Amino acid sequence: MGRADERAGRSLWLVNPAHAADAPKISPVRQRGRDFYAPNSEDLRPDEMRLIACGTGMPTARPKQAASCWLLELGNGDKFLFDVGTGSNERIAAMQIPYNFLDKVFLSHLHTDHFGDLDALFVSGALAGRQRPLRVWGPSGETPERGTKYALDHLRKALTWDLDGRKGLTDPRGYRLEVNEFDYTAMNEVIYEENGVTIRSFPAIHSLDGPVSFVVEWSGLKFVFSSDTYPNKWFIEFAKNADLAIHECFIAVPSLIRKLGFTPEAALTVGTQIHTAPEAFGKVMSTIKPRQAVAYHFFKDYDTTPLVFERIRKTYDGPLSLATDFMVWNVTKDGVRERMALVEEHTWAPPMASPPLSPDMADRDAESERLGWKIGYSDFIGAGKLDYRDVIEPIYREASEVLGREMEYPTE
């Protein structure tokens, strides 16, 4: 459910174009059009928007669906990540996008199913070729300790051992976080405006003060992402006329009881008060009337999806996608196309957008001097090394011969 042929008003009885009298002859050797998206295989038109679901699941983990993460690509070359929930980093990697282009992250709130893979994106993205700071926008909290800056300052501290151990060994430019905290109570105020792209935020209602929703406007197109929220008046006001409107739609209350073992009291509270119930999602979409409504935040299984779909349809009969990971939407002024992405599970890092810097142990020495503490092995640990120079030094000689320059074997 949620595929294009299940949208309201679309007939399932359309004649296959191949049956038409003037249908082109099918070649046994030439490519045909795809009904799926293959990463790194299609150009974006200058006025086109592409959204890829890199995480659509729930707070609990499963291999099939990562937690909340949405990759928005624009025809001007800009790319934005909205949330980086637990498990989503590998989905982002599967898109094979050079990491220099994946340097802008917008966090809706600080539940781990919405920012739990930020540390992985930060570190692995730098290792895989991001040669600039990772820029992160996120809301303040009711107190400083509940805001994005506090969370990311402490995330950076938690990574002290990791980052110190890489100094002098890898290109250092990507291991910086640039945090842009904005007021969570701001009402549709601009938090980002570059290259013809405007991003605004407005409050959401979820768990505590602090969560927000986002609106992206570019080239006459409008994308809205609610993140987690109880239905609220601000979404109704600011999401109108959206081309693509993503709003959470939690698993139906009976499924919370049956599949997750919630008590009825907990299921009702979580499923209807902390999150948006399917029936309420439908009412929101009936009010704002987007070109395409996208429901997410439920495990999309054979025995849960029908309940979600049926309950949405009690209150909404418009264009609808029930999201799962790797679903893709291409949006232009002419229409919205929905497909699934087929990805290579054995993917490696994508090409670097610019040449890397060679590591320099002087960086480690400089940081050691700043800290007043020598980064590296203690004498105790260093004394544990075995002398395997006889098998390792030939690797350096081989590299020197192949590369045509001297690669010195380390003396320490």
# chains A, B, ... in the order shown; residues from 1 in each chain; ligands from 1
>>> residues_around(residues="Tyr192 (chain A)", least_positions_apart="5", cutoff="12 Å", atoms="only C-alpha atoms", output="VMD selection string")
chain A and resid 80 104 to 106 135 to 138 180 to 182 197 to 201 214 to 218
>>> select_by_dssp(residues="region 32-276 of chain A", states="strand (DSSP E or B)", output="PyMOL selection string")
chain A and resi 36-37+49-55+69-74+79-84+104-106+134-139+177-182+189-194+197-203+206+208+212-218+221-225+244-248
>>> closest_residue(among="A:Ala245, A:Ile395, A:Ala277, A:Ala67", to="Asp83 (chain A)", atoms="only C-alpha atoms")
A:Ala67
>>> select_by_dssp(residues="region 142-367 of chain A", states="alpha helix (DSSP H)", output="PyMOL selection string")
chain A and resi 148-158+160-164+233-238+253-260+264-269+278-288+305-312+361-367
>>> residues_around(residues="Phe326 (chain A)", least_positions_apart="3", cutoff="7 Å", atoms="only C-alpha atoms", output="number ranges by chain")
A: 52-54, 340-341
>>> closest_residue(among="A:Asp360, A:Glu42, A:Glu345, A:Glu412", to="Thr170 (chain A)", atoms="only C-alpha atoms")
A:Asp360
>>> residues_around(residues="region 247-250 of chain A", least_positions_apart="6", cutoff="8 Å", atoms="only C-alpha atoms", output="list in words")
Phe225, Ser226, Ser227, Asp228, Thr229, Gly271, His275, Thr276, Ala277, Pro278, Phe281, Ala293, Val294, Ala295, Tyr296, His297 and Phe298 of chain A
>>> write_last_selection(atoms="N, CA and C atoms", output="PDB file, in the first residue's frame")
ATOM      1  N   PHE A 225       8.016  18.735   6.481  1.00  0.00           N
ATOM      2  CA  PHE A 225       8.327  17.563   7.306  1.00  0.00           C
ATOM      3  C   PHE A 225       7.895  17.850   8.736  1.00  0.00           C
ATOM      4  N   SER A 226       6.933  17.084   9.211  1.00  0.00           N
ATOM      5  CA  SER A 226       6.398  17.321  10.560  1.00  0.00           C
ATOM      6  C   SER A 226       7.317  16.825  11.654  1.00  0.00           C
ATOM      7  N   SER A 227       8.051  15.742  11.375  1.00  0.00           N
ATOM      8  CA  SER A 227       8.695  14.932  12.397  1.00  0.00           C
ATOM      9  C   SER A 227       7.623  14.425  13.363  1.00  0.00           C
ATOM     10  N   ASP A 228       8.002  14.160  14.615  1.00  0.00           N
ATOM     11  CA  ASP A 228       7.026  13.643  15.584  1.00  0.00           C
ATOM     12  C   ASP A 228       6.190  14.791  16.141  1.00  0.00           C
ATOM     13  N   THR A 229       4.884  14.594  16.152  1.00  0.00           N
ATOM     14  CA  THR A 229       4.033  15.642  16.696  1.00  0.00           C
ATOM     15  C   THR A 229       2.606  15.148  16.878  1.00  0.00           C
ATOM     16  N   GLY A 271      -0.003   6.135  21.333  1.00  0.00           N
ATOM     17  CA  GLY A 271      -0.488   6.079  19.962  1.00  0.00           C
ATOM     18  C   GLY A 271      -1.419   7.195  19.551  1.00  0.00           C
ATOM     19  N   HIS A 275       2.022  10.675  19.837  1.00  0.00           N
ATOM     20  CA  HIS A 275       2.167  10.576  18.381  1.00  0.00           C
ATOM     21  C   HIS A 275       0.819  10.842  17.706  1.00  0.00           C
ATOM     22  N   THR A 276       0.836  10.840  16.381  1.00  0.00           N
ATOM     23  CA  THR A 276      -0.381  11.072  15.605  1.00  0.00           C
ATOM     24  C   THR A 276      -0.980   9.746  15.159  1.00  0.00           C
ATOM     25  N   ALA A 277      -2.209   9.484  15.537  1.00  0.00           N
ATOM     26  CA  ALA A 277      -2.903   8.266  15.134  1.00  0.00           C
ATOM     27  C   ALA A 277      -3.248   8.335  13.644  1.00  0.00           C
ATOM     28  N   PRO A 278      -3.386   7.188  12.969  1.00  0.00           N
ATOM     29  CA  PRO A 278      -3.716   7.200  11.538  1.00  0.00           C
ATOM     30  C   PRO A 278      -4.966   8.017  11.209  1.00  0.00           C
ATOM     31  N   PHE A 281      -3.936  11.579  11.345  1.00  0.00           N
ATOM     32  CA  PHE A 281      -3.116  11.899  10.174  1.00  0.00           C
ATOM     33  C   PHE A 281      -4.010  12.213   8.978  1.00  0.00           C
ATOM     34  N   ALA A 293       0.621  13.207   0.076  1.00  0.00           N
ATOM     35  CA  ALA A 293       0.767  13.004   1.517  1.00  0.00           C
ATOM     36  C   ALA A 293       1.624  11.772   1.766  1.00  0.00           C
ATOM     37  N   VAL A 294       2.528  11.881   2.734  1.00  0.00           N
ATOM     38  CA  VAL A 294       3.415  10.762   3.069  1.00  0.00           C
ATOM     39  C   VAL A 294       3.273  10.461   4.551  1.00  0.00           C
ATOM     40  N   ALA A 295       2.903   9.223   4.870  1.00  0.00           N
ATOM     41  CA  ALA A 295       2.769   8.771   6.258  1.00  0.00           C
ATOM     42  C   ALA A 295       3.967   7.911   6.617  1.00  0.00           C
ATOM     43  N   TYR A 296       4.543   8.168   7.796  1.00  0.00           N
ATOM     44  CA  TYR A 296       5.692   7.374   8.232  1.00  0.00           C
ATOM     45  C   TYR A 296       5.646   7.217   9.750  1.00  0.00           C
ATOM     46  N   HIS A 297       6.568   6.437  10.274  1.00  0.00           N
ATOM     47  CA  HIS A 297       6.773   6.199  11.708  1.00  0.00           C
ATOM     48  C   HIS A 297       5.994   4.978  12.189  1.00  0.00           C
ATOM     49  N   PHE A 298       5.863   3.991  11.305  1.00  0.00           N
ATOM     50  CA  PHE A 298       5.280   2.714  11.724  1.00  0.00           C
ATOM     51  C   PHE A 298       6.013   1.598  10.992  1.00  0.00           C
TER      52      PHE A 298
END
>>> atom_distance(atom1="CA of Asp119 (chain A)", atom2="CA of Arg166 (chain A)")
14.8 Å
>>> closest_residue(among="A:Ala151, A:Ala280, A:Leu51, A:Ile205", to="Val179 (chain A)", atoms="only C-alpha atoms")
A:Ala151
>>> residues_around(residues="Ile288 (chain A)", least_positions_apart="4", cutoff="7 Å", atoms="only C-alpha atoms", output="PyMOL selection string")
chain A and resi 236+239-241+284
>>> write_last_selection(atoms="N, CA and C atoms", output="tab-separated table (two decimals), in the first residue's frame")
chain	number	residue	atom	x	y	z
A	236	ILE	N	-1.15	22.91	10.31
A	236	ILE	CA	-2.28	23.21	9.44
A	236	ILE	C	-2.06	24.55	8.73
A	239	ALA	N	1.69	24.26	6.47
A	239	ALA	CA	1.91	23.17	5.51
A	239	ALA	C	0.96	23.23	4.31
A	240	LYS	N	0.07	24.19	4.30
A	240	LYS	CA	-0.86	24.30	3.16
A	240	LYS	C	-0.10	24.55	1.87
A	241	ASN	N	-0.65	24.02	0.79
A	241	ASN	CA	-0.07	24.17	-0.55
A	241	ASN	C	1.26	23.44	-0.70
A	284	VAL	N	-5.57	15.63	9.24
A	284	VAL	CA	-4.61	16.68	8.94
A	284	VAL	C	-4.47	16.85	7.42
>>> residues_around(residues="Thr86 (chain A)", least_positions_apart="4", cutoff="6 Å", atoms="only C-alpha atoms", output="number ranges by chain")
A: 67, 113, 116-117
>>> closest_residue(among="A:Ile257, A:Ile97, A:Leu44, A:Ile26", to="Leu74 (chain A)", atoms="only C-alpha atoms")
A:Leu44
>>> atom_distance(atom1="CA of Ile375 (chain A)", atom2="CA of Lys167 (chain A)")
8.4 Å
>>> residues_around(residues="Tyr175 (chain A)", least_positions_apart="2", cutoff="8 Å", atoms="only C-alpha atoms", output="ChimeraX atom specification")
/A:122-123,126,132-134,163,172-173,177
